[in-house]
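Data block for start.cif (mmCIF, C-alpha atoms):
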```cif
data_data
#
loop_
_atom_site.label_atom_id
_atom_site.label_comp_id
_atom_site.auth_asym_id
_atom_site.auth_seq_id
_atom_site.Cartn_x
_atom_site.Cartn_y
_atom_site.Cartn_z
CA MET U 1 26.56 35.19 -15.32
CA ALA U 2 25.08 38.03 -17.41
CA ASP U 3 28.57 38.97 -18.68
CA ASP U 4 29.24 35.31 -19.55
CA ILE U 5 26.03 35.21 -21.57
CA GLN U 6 26.84 38.46 -23.37
CA ASN U 7 30.37 37.22 -24.17
CA ALA U 8 29.03 33.87 -25.37
CA MET U 9 26.66 35.63 -27.75
CA ASN U 10 29.60 37.38 -29.43
CA LEU U 11 30.54 34.71 -31.94
CA ASP U 12 33.83 36.42 -32.80
CA GLU U 13 35.09 35.44 -29.35
CA GLU U 14 36.18 32.01 -28.20
CA PRO U 15 33.31 29.79 -27.02
CA GLN U 16 32.37 30.40 -23.41
CA ARG U 17 32.21 27.47 -21.01
CA PHE U 18 29.24 26.93 -18.73
CA ILE U 19 28.58 24.33 -16.07
CA PHE U 20 25.08 22.88 -16.19
CA VAL U 21 23.61 20.55 -13.59
CA ASP U 22 21.74 17.60 -15.09
CA GLU U 23 18.63 15.93 -13.69
CA GLY U 24 20.82 13.60 -11.61
CA GLY U 25 22.58 16.52 -9.91
CA ASN U 26 25.82 15.99 -11.87
CA GLU U 27 27.76 19.04 -13.03
CA ARG U 28 28.64 18.92 -16.73
CA PRO U 29 30.74 21.42 -18.72
CA PHE U 30 29.32 22.84 -21.96
CA GLU U 31 30.56 25.34 -24.55
CA SER U 32 28.44 27.94 -26.29
CA VAL U 33 28.15 27.37 -30.03
CA GLY U 34 25.87 30.23 -31.01
CA SER U 35 22.83 32.33 -30.39
CA MET U 36 19.82 33.34 -32.44
CA ALA U 37 16.68 35.39 -32.00
CA ILE U 38 13.35 33.87 -32.94
CA ASP U 39 10.13 35.85 -32.44
CA GLU U 40 11.94 38.38 -30.23
CA VAL U 41 13.32 35.68 -27.91
CA THR U 42 17.06 34.99 -27.88
CA TYR U 43 18.23 31.39 -27.60
CA MET U 44 21.71 30.01 -27.04
CA ALA U 45 23.01 26.59 -28.06
CA PHE U 46 25.64 24.57 -26.22
CA LEU U 47 27.60 21.38 -26.84
CA PRO U 48 29.36 19.30 -24.20
CA TYR U 49 32.91 20.50 -23.60
CA VAL U 50 35.58 17.86 -24.07
CA GLU U 51 39.27 18.47 -23.55
CA ASP U 52 40.26 15.87 -26.14
CA PRO U 53 38.48 16.64 -29.44
CA GLU U 54 39.46 13.19 -30.68
CA ALA U 55 37.58 11.46 -27.85
CA GLU U 56 34.43 9.61 -28.81
CA MET U 57 31.31 11.20 -27.46
CA GLU U 58 27.65 11.48 -28.23
CA LEU U 59 26.81 14.97 -29.43
CA GLU U 60 24.15 16.51 -27.27
CA LEU U 61 22.86 19.91 -28.29
CA VAL U 62 21.41 21.88 -25.38
CA VAL U 63 19.40 25.00 -26.12
CA MET U 64 18.37 27.56 -23.51
CA GLN U 65 16.46 30.81 -23.77
CA ILE U 66 17.71 34.09 -22.40
CA VAL U 67 15.21 35.84 -20.15
CA PRO U 68 15.74 39.20 -18.49
CA ASP U 69 16.02 39.23 -14.70
CA ALA U 70 14.89 42.03 -12.35
CA ASN U 71 18.03 44.03 -13.23
CA GLY U 72 17.45 43.67 -16.96
CA ASP U 73 20.39 41.28 -17.31
CA GLY U 74 19.98 38.08 -19.29
CA GLN U 75 19.66 34.76 -17.49
CA LEU U 76 19.62 31.31 -19.06
CA ALA U 77 16.37 29.41 -18.64
CA PRO U 78 15.18 26.05 -19.98
CA ILE U 79 12.63 25.95 -22.78
CA GLU U 80 9.60 24.30 -21.20
CA ASP U 81 7.59 23.62 -24.38
CA ASP U 82 8.91 20.39 -25.98
CA GLU U 83 7.62 21.31 -29.44
CA LEU U 84 9.28 24.74 -29.28
CA TYR U 85 12.50 23.16 -27.99
CA GLU U 86 12.63 20.74 -30.95
CA SER U 87 11.88 23.54 -33.41
CA VAL U 88 14.64 25.77 -32.01
CA CYS U 89 17.11 22.83 -31.98
CA GLU U 90 16.34 22.11 -35.63
CA ARG U 91 17.04 25.74 -36.53
CA PHE U 92 20.37 25.67 -34.68
CA ILE U 93 21.37 22.42 -36.36
CA ALA U 94 20.50 23.86 -39.78
CA GLN U 95 22.55 26.97 -38.98
CA ILE U 96 25.52 24.94 -37.76
CA ILE U 97 25.46 22.89 -40.96
CA ALA U 98 25.11 26.00 -43.13
CA ASP U 99 28.06 27.60 -41.34
CA CYS U 100 30.27 24.55 -41.84
CA GLU U 101 33.62 25.60 -43.20
CA CYS U 102 35.58 22.78 -44.69
CA ASP U 103 38.59 22.31 -46.86
CA CYS U 104 37.72 19.17 -48.74
CA ASP U 105 41.35 18.52 -49.60
CA ASP U 106 42.21 18.39 -45.91
CA GLU U 107 42.75 14.83 -44.70
CA ASP U 108 41.80 15.91 -41.18
CA CYS U 109 38.47 17.38 -42.28
CA ASP U 110 35.70 16.66 -39.74
CA CYS U 111 32.77 17.19 -42.07
CA CYS U 112 31.83 13.54 -42.79
CA HIS U 113 33.20 13.22 -46.32
CA GLY U 114 32.66 9.63 -47.21
CA ASP U 115 31.17 8.93 -43.80
CA GLU U 116 28.71 6.09 -44.19
CA GLU U 117 26.58 7.48 -41.38
CA SER U 118 26.18 10.89 -42.98
CA ASP U 119 22.60 11.96 -43.60
CA PHE U 120 23.64 13.72 -46.79
CA GLU U 121 23.64 11.81 -50.06
CA ASP U 122 27.04 13.09 -51.17
CA GLY U 123 28.62 12.58 -47.76
CA CYS U 124 29.22 16.28 -47.15
CA ASP U 125 27.57 18.13 -44.29
CA CYS U 126 28.67 21.54 -45.56
CA GLN U 127 25.80 22.48 -47.86
CA SER U 128 27.59 25.75 -48.46
CA ASP U 129 29.81 27.15 -51.16
CA CYS U 130 32.45 24.47 -50.67
CA ASP U 131 33.93 22.50 -53.54
CA CYS U 132 33.27 19.05 -52.07
CA ASP U 133 31.63 17.61 -55.15
CA GLU U 134 34.02 19.16 -57.67
CA ALA U 135 36.86 16.74 -56.89
#
```
Here is a file; write its structure as structure tokens.
Amino acid sequence: MADDIQNAMNLDEEPQRFIFVDEGGNERPFESVGSMAIDEVTYMAFLPYVEDPEAEMELELVVMQIVPDANGDGQLAPIEDDELYESVCERFIAQIIADCECDCDDEDCDCCHGDEESDFEDGCDCQSDCDCDEA
């Protein structure tokens, strides 16, 4: 698992898939979406893996911390402090939004242009150097 974690932290690679067991004992596949260090602790974020990207699903961000084991390898562990968990999730969400790459002229763009449910006034989740509002 340590190699999987190290590979997942390399964002130039394809997302790594992990199987997590939920509270009901059900195995669920997730994909890594990034890692970040906060106060010398490394955290990884995961989204549910779906084979059909067009399928409707509720987005569920899962964040775990990486803790060293007896061999010095990293192991995923849950974040026990609810307040810390929420804070780390918010930072990942902000980073994901900031990293959004969109081509606003693309009809297949997934970034919520014109989406009535968007939390952003102009309908764009990018908040980066895109030209969404110049059209």
Where is the centre and how long are the edges: axis-aligned box on stretch 36-52 of chain U, 4 Å on each side, Å to one decimal, as JSON:
```
{"center_x": 25.2, "center_y": 27.1, "center_z": -28.2, "size_x": 38.1, "size_y": 30.5, "size_z": 17.4}
```
Work out how far atom CA of U:Gly72 is from atom CA of U:Gly25, in Å to one decimal.
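So the answer is 28.5 Å.
Every residue that the PyMOL selection byres ((chain U and resi 93) around 12) selects in this file is listed here: Val33, Gly34, Ser35, Met36, Ala45, Phe46, Leu47, Leu59, Glu60, Leu61, Val62, Val63, Glu86, Ser87, Val88, Cys89, Glu90, Arg91, Phe92, Ala94, Gln95, Ile96, Ile97, Ala98, Asp99, Cys100, Asp125 and Cys126 of chain U.
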Just write the chosen residues, C-alpha atoms, as a JSON list (two decimals), in the coordinates of the input.
```
[["chain", "number", "residue", "atom", "x", "y", "z"],
["U", 33, "VAL", "CA", 28.15, 27.37, -30.03],
["U", 34, "GLY", "CA", 25.87, 30.23, -31.01],
["U", 35, "SER", "CA", 22.83, 32.33, -30.39],
["U", 36, "MET", "CA", 19.82, 33.34, -32.44],
["U", 45, "ALA", "CA", 23.01, 26.59, -28.06],
["U", 46, "PHE", "CA", 25.64, 24.57, -26.22],
["U", 47, "LEU", "CA", 27.60, 21.38, -26.84],
["U", 59, "LEU", "CA", 26.81, 14.97, -29.43],
["U", 60, "GLU", "CA", 24.15, 16.51, -27.27],
["U", 61, "LEU", "CA", 22.86, 19.91, -28.29],
["U", 62, "VAL", "CA", 21.41, 21.88, -25.38],
["U", 63, "VAL", "CA", 19.40, 25.00, -26.12],
["U", 86, "GLU", "CA", 12.63, 20.74, -30.95],
["U", 87, "SER", "CA", 11.88, 23.54, -33.41],
["U", 88, "VAL", "CA", 14.64, 25.77, -32.01],
["U", 89, "CYS", "CA", 17.11, 22.83, -31.98],
["U", 90, "GLU", "CA", 16.34, 22.11, -35.63],
["U", 91, "ARG", "CA", 17.04, 25.74, -36.53],
["U", 92, "PHE", "CA", 20.37, 25.67, -34.68],
["U", 94, "ALA", "CA", 20.50, 23.86, -39.78],
["U", 95, "GLN", "CA", 22.55, 26.97, -38.98],
["U", 96, "ILE", "CA", 25.52, 24.94, -37.76],
["U", 97, "ILE", "CA", 25.46, 22.89, -40.96],
["U", 98, "ALA", "CA", 25.11, 26.00, -43.13],
["U", 99, "ASP", "CA", 28.06, 27.60, -41.34],
["U", 100, "CYS", "CA", 30.27, 24.55, -41.84],
["U", 125, "ASP", "CA", 27.57, 18.13, -44.29],
["U", 126, "CYS", "CA", 28.67, 21.54, -45.56]]
```
What's the separation between atom CA of U:Ala37 and atom CA of U:Glu58, in Å to one decimal place?
26.6 Å
When you draw a straight line from atom CA of U:Leu84 to atom CA of U:Ile38, how long is it in Å?
10.6 Å
Have a look at U:Met44, U:Ala55, U:Ala70, U:Met64 and name the one nearest to U:Gln16; count only C-alpha atoms.
U:Met44
Written as a list in words, what is the full residue list that the PyMOL selection byres ((chain U and resi 29) around 10) yields on the file shown?
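Those residues are Arg17, Phe18, Ile19, Phe20, Val21, Glu27, Arg28, Phe30, Glu31, Phe46, Leu47, Pro48, Tyr49 and Val50 of chain U.
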